[in-house]
$ cat upload-v7.txt   # compact mmCIF, C-alpha atoms
# COMPACT_ATOMS: atom_id res chain seq x y z
CA MET J 1 13.90 3.34 11.43
CA ILE J 2 12.60 6.57 9.97
CA LYS J 3 14.14 9.92 10.74
CA ILE J 4 11.97 12.98 10.13
CA ILE J 5 13.86 16.17 9.35
CA PRO J 6 12.02 19.39 8.45
CA GLY J 7 13.57 21.68 5.86
CA TYR J 8 14.68 24.27 8.41
CA ALA J 9 16.92 21.69 10.15
CA VAL J 10 18.57 20.18 7.06
CA HIS J 11 21.84 22.11 7.53
CA ARG J 12 22.46 20.17 10.74
CA TYR J 13 22.68 16.85 8.89
CA PRO J 14 25.12 17.42 5.99
CA ALA J 15 26.22 13.77 5.62
CA ILE J 16 22.67 12.41 5.62
CA PHE J 17 21.49 14.92 3.03
CA ASP J 18 24.46 14.31 0.77
CA ALA J 19 23.37 10.65 0.75
CA VAL J 20 19.72 11.64 0.24
CA HIS J 21 20.35 13.84 -2.80
CA SER J 22 22.72 11.26 -4.24
CA LEU J 23 20.06 8.51 -3.83
CA ARG J 24 17.46 10.76 -5.47
CA HIS J 25 19.80 11.37 -8.42
CA LYS J 26 20.54 7.68 -8.75
CA VAL J 27 16.88 6.65 -8.74
CA PHE J 28 15.09 9.47 -10.55
CA VAL J 29 17.73 10.63 -13.05
CA GLU J 30 19.88 7.58 -13.71
CA GLU J 31 17.31 4.81 -13.24
CA MET J 32 14.01 6.40 -14.25
CA GLY J 33 15.49 8.77 -16.80
CA TRP J 34 14.00 12.07 -15.61
CA THR J 35 16.85 13.84 -17.32
CA ASP J 36 15.58 17.38 -16.67
CA LEU J 37 16.45 16.76 -13.02
CA ALA J 38 20.04 15.79 -13.87
CA SER J 39 22.79 17.64 -12.08
CA ASP J 40 26.56 17.72 -12.65
CA ASP J 41 27.35 16.89 -9.03
CA GLU J 42 25.03 13.85 -9.24
CA ARG J 43 22.88 15.22 -6.45
CA GLU J 44 19.22 15.81 -7.32
CA ARG J 45 17.58 18.90 -5.78
CA ASP J 46 14.56 20.93 -6.82
CA GLN J 47 12.78 24.19 -6.01
CA PHE J 48 10.67 22.48 -3.34
CA ASP J 49 13.62 21.51 -1.12
CA ASP J 50 13.06 24.58 1.02
CA GLU J 51 12.35 25.16 4.70
CA HIS J 52 8.70 24.08 4.28
CA ALA J 53 9.53 20.59 3.03
CA VAL J 54 9.68 17.67 5.46
CA HIS J 55 12.16 14.87 4.71
CA HIS J 56 11.53 11.26 5.75
CA ILE J 57 14.67 9.14 5.70
CA ALA J 58 14.81 5.36 6.16
CA MET J 59 18.10 4.42 7.81
CA ARG J 60 19.73 1.18 8.92
CA ASP J 61 22.92 1.42 10.99
CA GLY J 62 23.48 5.01 9.92
CA VAL J 63 23.11 4.27 6.20
CA VAL J 64 20.40 5.94 4.08
CA LEU J 65 18.32 3.21 2.36
CA GLY J 66 15.14 5.03 1.46
CA TYR J 67 13.58 8.43 1.25
CA GLN J 68 10.39 10.39 0.70
CA ARG J 69 9.47 14.05 0.99
CA THR J 70 6.25 15.67 2.15
CA LEU J 71 5.27 19.15 1.00
CA PRO J 72 2.43 21.28 2.41
CA THR J 73 -0.36 21.72 -0.16
CA SER J 74 -1.03 25.17 1.25
CA ARG J 75 2.09 26.25 -0.66
CA PRO J 76 3.16 25.59 -4.27
CA HIS J 77 3.95 21.89 -4.75
CA LEU J 78 4.44 19.47 -7.63
CA LEU J 79 0.76 18.99 -8.42
CA THR J 80 0.12 22.74 -8.63
CA ASP J 81 3.34 23.86 -10.28
CA VAL J 82 4.84 20.99 -12.26
CA LEU J 83 2.32 18.19 -12.82
CA HIS J 84 -0.90 20.27 -12.84
CA TYR J 85 -2.17 18.45 -15.95
CA LEU J 86 -2.56 15.29 -13.84
CA CYS J 87 -5.38 16.93 -11.89
CA ASP J 88 -8.78 17.29 -13.57
CA GLY J 89 -10.52 19.41 -10.95
CA ASP J 90 -9.47 21.14 -7.77
CA SER J 91 -6.66 19.44 -5.90
CA PRO J 92 -6.94 19.10 -2.12
CA ARG J 93 -5.21 22.03 -0.42
CA GLY J 94 -4.73 22.98 3.20
CA THR J 95 -2.79 22.01 6.30
CA GLN J 96 -4.58 18.63 6.49
CA HIS J 97 -3.37 17.57 3.05
CA TRP J 98 0.30 17.01 2.24
CA GLU J 99 1.88 15.89 -0.98
CA VAL J 100 4.33 12.98 -0.97
CA SER J 101 7.07 12.98 -3.60
CA ARG J 102 10.49 11.48 -4.41
CA TYR J 103 9.63 8.15 -2.76
CA CYS J 104 12.63 5.92 -3.40
CA VAL J 105 14.57 2.95 -2.06
CA THR J 106 18.17 1.92 -2.84
CA PRO J 107 18.29 -0.89 -5.44
CA ALA J 108 19.90 -3.23 -2.88
CA SER J 109 16.95 -2.78 -0.49
CA ARG J 110 14.35 -3.85 -3.02
CA GLU J 111 13.07 -7.34 -2.45
CA GLY J 112 12.19 -8.85 -5.78
CA ARG J 113 11.19 -6.91 -8.83
CA ARG J 114 7.56 -6.25 -7.97
CA ALA J 115 6.80 -6.61 -4.27
CA VAL J 116 7.06 -3.75 -1.78
CA GLY J 117 10.04 -4.58 0.42
CA SER J 118 10.67 -3.83 4.07
CA VAL J 119 12.33 -0.44 3.54
CA GLY J 120 9.61 0.59 1.10
CA SER J 121 6.82 -0.40 3.47
CA GLU J 122 8.62 1.21 6.39
CA LEU J 123 8.49 4.53 4.52
CA ILE J 124 4.74 4.08 4.02
CA ALA J 125 4.23 3.23 7.70
CA GLY J 126 6.37 6.26 8.55
CA VAL J 127 4.43 8.77 6.48
CA VAL J 128 1.14 7.55 7.98
CA GLU J 129 2.48 7.69 11.56
CA TRP J 130 3.80 11.16 10.84
CA ALA J 131 0.47 12.24 9.30
CA ILE J 132 -1.52 10.99 12.30
CA ASP J 133 0.84 12.81 14.70
CA ASN J 134 0.45 16.05 12.77
CA ASP J 135 -3.33 16.01 12.10
CA VAL J 136 -2.81 15.32 8.41
CA SER J 137 -5.85 13.48 7.05
CA SER J 138 -4.82 12.78 3.49
CA LEU J 139 -1.73 12.36 1.32
CA VAL J 140 -1.53 13.46 -2.30
CA TYR J 141 0.60 11.32 -4.60
CA GLU J 142 1.55 11.39 -8.24
CA PHE J 143 2.60 7.80 -8.75
CA GLU J 144 2.62 4.85 -11.11
CA ALA J 145 -0.80 3.27 -11.59
CA THR J 146 0.50 0.12 -9.88
CA TRP J 147 0.39 1.99 -6.58
CA LEU J 148 -3.39 2.46 -6.75
CA LEU J 149 -4.06 -1.20 -6.04
CA ARG J 150 -1.41 -1.28 -3.31
CA ALA J 151 -2.96 1.79 -1.67
CA VAL J 152 -6.43 0.21 -1.72
CA GLN J 153 -4.96 -3.01 -0.27
CA LEU J 154 -3.38 -0.95 2.53
CA GLN J 155 -6.84 0.42 3.40
CA PHE J 156 -6.33 3.97 2.27
CA PHE J 157 -9.50 5.53 0.87
CA VAL J 158 -8.20 6.30 -2.61
CA ARG J 159 -9.60 9.12 -4.72
CA PRO J 160 -8.09 9.53 -8.21
CA LEU J 161 -7.64 13.23 -9.05
CA GLY J 162 -7.42 12.68 -12.79
CA LEU J 163 -6.83 10.03 -15.43
CA LEU J 164 -3.66 8.15 -16.23
CA HIS J 165 -0.99 10.07 -18.14
CA LYS J 166 2.06 8.66 -19.82
CA ILE J 167 5.23 10.25 -18.44
CA GLY J 168 8.41 8.74 -19.86
CA THR J 169 7.77 5.02 -19.86
CA GLN J 170 5.32 5.08 -16.97
CA GLN J 171 1.57 5.52 -16.56
CA ILE J 172 1.25 8.16 -13.84
CA ILE J 173 -1.85 9.18 -11.93
CA ALA J 174 -2.51 11.77 -9.24
CA ALA J 175 -4.50 10.49 -6.28
CA GLU J 176 -5.56 11.56 -2.84
CA LEU J 177 -5.02 8.83 -0.24
CA GLN J 178 -7.23 9.44 2.76
CA ILE J 179 -6.03 7.83 5.95
CA THR J 180 -8.75 5.67 7.55
CA PRO J 181 -8.73 4.04 11.01
CA HIS J 182 -7.81 0.81 9.20
CA THR J 183 -4.80 2.20 7.29
CA LEU J 184 -2.03 2.01 9.89
CA PRO J 185 -3.13 -1.44 11.20
CA ALA J 186 -3.23 -2.74 7.60
CA ILE J 187 0.28 -1.43 6.86
CA ARG J 188 1.61 -2.92 10.09
CA ALA J 189 -0.08 -6.25 9.43
CA PHE J 190 1.44 -6.33 5.93
CA ARG J 191 4.86 -5.61 7.45
CA GLY J 192 4.33 -8.16 10.22
CA CYS J 193 5.72 -5.55 12.58
CA HIS J 194 3.55 -3.46 14.86
CA ALA J 195 6.09 -1.18 16.52
CA PRO J 196 6.23 2.49 15.46
CA VAL J 197 8.88 3.13 12.80
CA ILE J 198 9.58 6.80 13.42
CA GLU J 199 12.65 6.97 15.56
CA GLU J 200 13.24 10.65 15.73
CA ALA J 201 11.09 13.53 14.61
CA GLU J 202 11.90 17.18 14.83
CA PRO J 203 8.80 19.34 15.24
CA LEU J 204 7.27 20.75 12.05
CA ARG J 205 8.03 24.29 13.07
CA ARG J 206 11.08 25.78 14.73
CA ALA J 207 10.45 26.46 18.40
CA SER J 208 10.26 30.24 18.74
CA MET B 209 -10.72 -20.98 -24.13
CA MET B 210 -11.04 -18.12 -26.60
CA GLY B 211 -13.14 -20.30 -28.89
CA GLU B 212 -15.42 -21.18 -26.02
CA ALA B 213 -15.75 -17.51 -25.09
CA ARG B 214 -16.76 -16.68 -28.67
CA GLU B 215 -19.51 -19.28 -28.51
CA HIS B 216 -20.92 -17.33 -25.58
CA GLY B 217 -20.87 -14.08 -27.51
CA LEU B 218 -17.56 -12.74 -26.18
CA GLY B 219 -15.71 -11.79 -29.35
CA ALA B 220 -13.30 -9.22 -28.00
CA GLY B 221 -11.98 -7.95 -24.72
CA PHE B 222 -9.72 -5.66 -22.77
CA ALA B 223 -7.48 -6.87 -19.95
CA VAL B 224 -6.15 -4.72 -17.12
CA PRO B 225 -2.86 -6.14 -15.83
CA MET B 226 -2.00 -5.44 -12.19
CA VAL B 227 0.64 -6.14 -9.59
CA THR B 228 -0.48 -6.67 -6.01
CA LEU B 229 1.13 -5.39 -2.83
CA GLU B 230 2.70 -8.81 -2.37
CA GLY B 231 4.18 -8.70 -5.87
CA ASP B 232 1.76 -11.19 -7.39
CA LEU B 233 0.32 -10.63 -10.85
CA ALA B 234 -3.39 -10.09 -11.22
CA THR B 235 -5.63 -9.20 -14.11
CA MET B 236 -9.19 -8.17 -14.72
CA SER B 237 -10.77 -8.63 -18.13
CA PHE B 238 -13.72 -6.95 -19.72
CA ALA B 239 -15.29 -8.70 -22.68
CA GLY B 240 -18.19 -8.36 -25.06
CA GLU B 241 -19.30 -9.01 -28.60
CA GLN B 242 -17.13 -6.19 -29.84
CA VAL B 243 -14.94 -3.61 -28.16
CA ASP B 244 -14.99 0.06 -29.05
CA LEU B 245 -12.64 1.85 -26.69
CA PRO B 246 -11.36 5.35 -27.33
CA PRO B 247 -8.01 6.04 -25.58
CA ALA B 248 -9.62 8.05 -22.74
CA ALA B 249 -12.01 5.21 -21.98
CA ARG B 250 -9.09 2.78 -21.73
CA GLY B 251 -7.69 4.77 -18.81
CA LEU B 252 -11.09 4.83 -17.18
CA ILE B 253 -11.62 1.08 -17.65
CA SER B 254 -8.16 0.48 -16.16
CA LEU B 255 -9.19 2.43 -13.06
CA VAL B 256 -12.45 0.48 -12.78
CA GLY B 257 -10.48 -2.78 -13.00
CA ILE B 258 -7.94 -1.69 -10.38
CA PHE B 259 -10.58 -0.54 -7.91
CA ALA B 260 -12.73 -3.62 -8.42
CA MET B 261 -9.70 -5.80 -7.71
CA GLY B 262 -8.81 -3.71 -4.64
CA ARG B 263 -12.34 -4.05 -3.30
CA ALA B 264 -12.29 -7.80 -3.88
CA PHE B 265 -9.07 -8.06 -1.84
CA GLN B 266 -10.60 -5.97 0.94
CA LEU B 267 -13.67 -8.20 1.16
CA GLN B 268 -11.47 -11.30 1.16
CA ASP B 269 -9.30 -9.84 3.96
CA ARG B 270 -12.39 -8.99 5.98
CA ARG B 271 -13.60 -12.58 5.71
CA LYS B 272 -10.21 -13.82 6.81
CA ALA B 273 -10.20 -11.37 9.74
CA GLU B 274 -13.57 -12.69 10.92
CA HIS B 275 -12.27 -16.24 10.80
CA GLN B 276 -9.14 -15.32 12.65
CA THR B 277 -11.22 -14.99 15.81
CA LEU B 278 -11.10 -18.80 16.13
CA THR B 279 -9.34 -19.82 19.35
CA ALA B 280 -6.33 -22.12 19.34
CA ARG B 281 -8.47 -25.01 20.66
CA GLU B 282 -11.18 -24.40 18.06
CA LEU B 283 -8.49 -24.52 15.36
CA ASP B 284 -7.13 -27.79 16.81
CA CYS B 285 -10.57 -29.39 16.69
CA LEU B 286 -11.17 -28.04 13.19
CA ARG B 287 -7.90 -29.52 11.92
CA TRP B 288 -8.66 -32.94 13.39
CA CYS B 289 -12.18 -32.77 11.95
CA ALA B 290 -10.64 -32.18 8.54
CA GLU B 291 -8.53 -35.29 9.14
CA GLY B 292 -11.72 -37.30 9.58
CA LYS B 293 -11.50 -37.86 13.33
CA THR B 294 -14.68 -38.31 15.36
CA ASP B 295 -15.49 -36.12 18.37
CA TRP B 296 -14.44 -38.95 20.68
CA GLU B 297 -11.11 -39.48 18.86
CA ILE B 298 -10.37 -35.73 19.02
CA SER B 299 -11.16 -35.72 22.74
CA VAL B 300 -8.57 -38.47 23.28
CA ILE B 301 -5.97 -36.76 21.07
CA LEU B 302 -6.36 -33.39 22.80
CA GLY B 303 -6.97 -34.82 26.28
CA ILE B 304 -10.25 -32.97 26.78
CA SER B 305 -13.82 -34.24 27.21
CA GLU B 306 -15.99 -35.18 24.28
CA SER B 307 -18.57 -32.56 25.21
CA THR B 308 -15.86 -29.86 25.20
CA VAL B 309 -14.82 -30.98 21.72
CA ARG B 310 -18.46 -30.79 20.62
CA SER B 311 -18.82 -27.26 21.97
CA HIS B 312 -15.57 -26.10 20.25
CA ILE B 313 -16.81 -27.52 16.95
CA ASN B 314 -20.21 -25.97 17.40
CA ALA B 315 -18.66 -22.56 18.07
CA THR B 316 -16.43 -22.92 15.00
CA ARG B 317 -19.36 -24.01 12.87
CA ILE B 318 -21.27 -20.85 13.85
CA LYS B 319 -18.25 -18.60 13.30
CA LEU B 320 -17.78 -20.04 9.82
CA ASN B 321 -21.45 -19.57 9.00
CA SER B 322 -21.91 -23.21 8.17
CA GLY B 323 -24.82 -25.60 8.61
CA ASN B 324 -22.95 -28.77 9.54
CA LYS B 325 -19.50 -30.24 10.08
CA THR B 326 -18.88 -31.03 6.41
CA HIS B 327 -19.88 -27.50 5.43
CA MET B 328 -17.64 -26.11 8.19
CA VAL B 329 -14.58 -27.97 6.89
CA ALA B 330 -15.40 -26.82 3.34
CA GLU B 331 -15.65 -23.18 4.48
CA ALA B 332 -12.41 -23.49 6.43
CA LEU B 333 -10.64 -24.80 3.33
CA ARG B 334 -12.06 -22.01 1.21
CA ALA B 335 -10.94 -19.40 3.71
CA GLY B 336 -7.47 -20.90 3.85
CA LEU B 337 -7.71 -21.71 7.58
CA ILE B 338 -6.68 -25.29 6.85
CA ARG B 339 -5.08 -26.91 3.83

$ encode --input "upload-v7.txt" --output "structure tokens"
Amino acid sequence: MIKIIPGYAVHRYPAIFDAVHSLRHKVFVEEMGWTDLASDDERERDQFDDEHAVHHIAMRDGVVLGYQRTLPTSRPHLLTDVLHYLCDGDSPRGTQHWEVSRYCVTPASREGRRAVGSVGSELIAGVVEWAIDNDVSSLVYEFEATWLLRAVQLQFFVRPLGLLHKIGTQQIIAAELQITPHTLPAIRAFRGCHAPVIEEAEPLRRAS
Amino acid sequence: MMGEAREHGLGAGFAVPMVTLEGDLATMSFAGEQVDLPPAARGLISLVGIFAMGRAFQLQDRRKAEHQTLTARELDCLRWCAEGKTDWEISVILGISESTVRSHINATRIKLNSGNKTHMVAEALRAGLIR
């Protein structure tokens, strides 16, 4: 099940977010070697973990197994402030376009070395369900080139925003994934599970 | 194989390795008499390969989806056809009339865009509906 927690509500879930930042450190710093994100407390945080971020957390029996973060493109985000060289022209900006970053799954939840496992695909189903609920029409990713084919197979309309760039040991590309009427059915068919995956979602904005 | 390719004027090539959603390996190769690829073009060719493969998968899935509209009875008749049973034999096996069997097979034949029973079974094998 996917729990959606907007940045403004993070302080209400201290245990979950300790696990989230620890997982991010494990995957991005220790496993992928993005050493500039390293932190002494082994919790990875960055300047975008503010009240505008939305956190998507995959949980099983109260344990955090996967994570991804969406950032509004109407504000500074990775593609504008950190990875701008991945984008050759204008990047999509506005309330309909959100950037997805820090997608990760615990090593134990990965099924095989190459396939997308059930936690990984649940996160993808979750971000698309969330996007549809919030009138978001496309998702911006900076990901390994491998994901391009997967995205096409999942019936996203994929628009590369630049060419491949080598970052560390990986070939990374920025791409806009437009959600089509076929996207969610294709993801659910791949998962063999048609029930919604979002269990609990706090509204994007604080009720005033 | 490489020697054979050279005989057909394919002296050099460029392969784009890929991993599918299911974790299978895939590759698309570009070949010609000689290959002159500056680094920027390599990235571009990789993208072309990835998108061509993605499109091929989409078309294949669409074909499968069309075939999936076969009813359970139509599939039964199709499977027995592939086992070499006659319409009458299938009617006995399934406990339905011979004319019903004929109409199931006819409907399947049309759905699989095939001209006759042999062609229908061949299309069904190709589409992975039967093994």

$ closest_atom_pairs --input "upload-v7.txt" --of "chain B" --to "chain J" --cutoff "12 Å" --atoms "all atoms listed in the file" --output "Markdown table"
| residue | atom | partner | partner_atom | distance |
| --- | --- | --- | --- | --- |
| B:Val224 | CA | J:Thr146 | CA | 11.0 |
| B:Pro225 | CA | J:Thr146 | CA | 9.3 |
| B:Met226 | CA | J:Thr146 | CA | 6.5 |
| B:Val227 | CA | J:Thr146 | CA | 6.3 |
| B:Thr228 | CA | J:Arg150 | CA | 6.1 |
| B:Leu229 | CA | J:Arg150 | CA | 4.9 |
| B:Glu230 | CA | J:Ala115 | CA | 5.0 |
| B:Gly231 | CA | J:Ala115 | CA | 3.7 |
| B:Asp232 | CA | J:Ala115 | CA | 7.5 |
| B:Leu233 | CA | J:Arg114 | CA | 8.9 |
| B:Ala234 | CA | J:Leu149 | CA | 10.3 |
| B:Thr235 | CA | J:Leu149 | CA | 11.5 |
| B:Pro247 | CA | J:Leu164 | CA | 10.5 |
| B:Ala248 | CA | J:Leu163 | CA | 8.1 |
| B:Ala249 | CA | J:Leu163 | CA | 9.6 |
| B:Arg250 | CA | J:Leu164 | CA | 9.4 |
| B:Gly251 | CA | J:Leu164 | CA | 5.9 |
| B:Leu252 | CA | J:Leu163 | CA | 6.9 |
| B:Ile253 | CA | J:Leu163 | CA | 10.4 |
| B:Ser254 | CA | J:Leu164 | CA | 8.9 |
| B:Leu255 | CA | J:Leu163 | CA | 8.3 |
| B:Val256 | CA | J:Leu149 | CA | 10.9 |
| B:Gly257 | CA | J:Leu149 | CA | 9.6 |
| B:Ile258 | CA | J:Leu149 | CA | 5.8 |
| B:Phe259 | CA | J:Leu149 | CA | 6.8 |
| B:Ala260 | CA | J:Leu149 | CA | 9.3 |
| B:Met261 | CA | J:Leu149 | CA | 7.5 |
| B:Gly262 | CA | J:Val152 | CA | 5.4 |
| B:Arg263 | CA | J:Val152 | CA | 7.5 |
| B:Ala264 | CA | J:Gln153 | CA | 9.5 |
| B:Phe265 | CA | J:Gln153 | CA | 6.7 |
| B:Gln266 | CA | J:Gln153 | CA | 6.5 |
| B:Leu267 | CA | J:Gln153 | CA | 10.2 |
| B:Gln268 | CA | J:Gln153 | CA | 10.6 |
| B:Asp269 | CA | J:Gln153 | CA | 9.1 |
| B:Arg270 | CA | J:Ala186 | CA | 11.2 |
| B:Ala273 | CA | J:Ala186 | CA | 11.3 |

$ write_last_selection --input "upload-v7.txt" --atoms "C-alpha atoms" --output "PDB file, in the coordinates of the input"
ATOM      1  CA  VAL B 224      -6.150  -4.720 -17.120  1.00  0.00           C
ATOM      2  CA  PRO B 225      -2.860  -6.140 -15.830  1.00  0.00           C
ATOM      3  CA  MET B 226      -2.000  -5.440 -12.190  1.00  0.00           C
ATOM      4  CA  VAL B 227       0.640  -6.140  -9.590  1.00  0.00           C
ATOM      5  CA  THR B 228      -0.480  -6.670  -6.010  1.00  0.00           C
ATOM      6  CA  LEU B 229       1.130  -5.390  -2.830  1.00  0.00           C
ATOM      7  CA  GLU B 230       2.700  -8.810  -2.370  1.00  0.00           C
ATOM      8  CA  GLY B 231       4.180  -8.700  -5.870  1.00  0.00           C
ATOM      9  CA  ASP B 232       1.760 -11.190  -7.390  1.00  0.00           C
ATOM     10  CA  LEU B 233       0.320 -10.630 -10.850  1.00  0.00           C
ATOM     11  CA  ALA B 234      -3.390 -10.090 -11.220  1.00  0.00           C
ATOM     12  CA  THR B 235      -5.630  -9.200 -14.110  1.00  0.00           C
ATOM     13  CA  PRO B 247      -8.010   6.040 -25.580  1.00  0.00           C
ATOM     14  CA  ALA B 248      -9.620   8.050 -22.740  1.00  0.00           C
ATOM     15  CA  ALA B 249     -12.010   5.210 -21.980  1.00  0.00           C
ATOM     16  CA  ARG B 250      -9.090   2.780 -21.730  1.00  0.00           C
ATOM     17  CA  GLY B 251      -7.690   4.770 -18.810  1.00  0.00           C
ATOM     18  CA  LEU B 252     -11.090   4.830 -17.180  1.00  0.00           C
ATOM     19  CA  ILE B 253     -11.620   1.080 -17.650  1.00  0.00           C
ATOM     20  CA  SER B 254      -8.160   0.480 -16.160  1.00  0.00           C
ATOM     21  CA  LEU B 255      -9.190   2.430 -13.060  1.00  0.00           C
ATOM     22  CA  VAL B 256     -12.450   0.480 -12.780  1.00  0.00           C
ATOM     23  CA  GLY B 257     -10.480  -2.780 -13.000  1.00  0.00           C
ATOM     24  CA  ILE B 258      -7.940  -1.690 -10.380  1.00  0.00           C
ATOM     25  CA  PHE B 259     -10.580  -0.540  -7.910  1.00  0.00           C
ATOM     26  CA  ALA B 260     -12.730  -3.620  -8.420  1.00  0.00           C
ATOM     27  CA  MET B 261      -9.700  -5.800  -7.710  1.00  0.00           C
ATOM     28  CA  GLY B 262      -8.810  -3.710  -4.640  1.00  0.00           C
ATOM     29  CA  ARG B 263     -12.340  -4.050  -3.300  1.00  0.00           C
ATOM     30  CA  ALA B 264     -12.290  -7.800  -3.880  1.00  0.00           C
ATOM     31  CA  PHE B 265      -9.070  -8.060  -1.840  1.00  0.00           C
ATOM     32  CA  GLN B 266     -10.600  -5.970   0.940  1.00  0.00           C
ATOM     33  CA  LEU B 267     -13.670  -8.200   1.160  1.00  0.00           C
ATOM     34  CA  GLN B 268     -11.470 -11.300   1.160  1.00  0.00           C
ATOM     35  CA  ASP B 269      -9.300  -9.840   3.960  1.00  0.00           C
ATOM     36  CA  ARG B 270     -12.390  -8.990   5.980  1.00  0.00           C
ATOM     37  CA  ALA B 273     -10.200 -11.370   9.740  1.00  0.00           C
TER      38      ALA B 273
END

$ residues_around --input "upload-v7.txt" --residues "Thr70 of chain J" --least-positions-apart "5" --cutoff "12 Å" --atoms "only C-alpha atoms" --output "VMD selection string"
chain J and resid 4 to 7 48 to 57 75 77 to 78 95 97 to 103 123 to 124 126 to 128 130 to 131 136 138 to 141 204

$ residues_around --input "upload-v7.txt" --residues "Arg188 of chain J" --least-positions-apart "5" --cutoff "8 Å" --atoms "only C-alpha atoms" --output "list in words"
Ala125, Cys193 and His194 of chain J

$ atom_distance --input "upload-v7.txt" --atom1 "atom CA of Glu122 of chain J" --atom2 "atom CA of Ile2 of chain J"
7.6 Å

$ atom_distance --input "upload-v7.txt" --atom1 "atom CA of Lys3 of chain J" --atom2 "atom CA of Pro72 of chain J"
18.3 Å

$ residues_around --input "upload-v7.txt" --residues "His25 of chain J" --least-positions-apart "4" --cutoff "12 Å" --atoms "all atoms listed in the file" --output "PyMOL selection string"
chain J and resi 18-21+29-46+67+102+104-106

$ closest_residue --input "upload-v7.txt" --among "J:Ala174, J:Val64, J:Val82, J:Val10" --to "Arg159 of chain J" --atoms "all atoms listed in the file"
J:Ala174
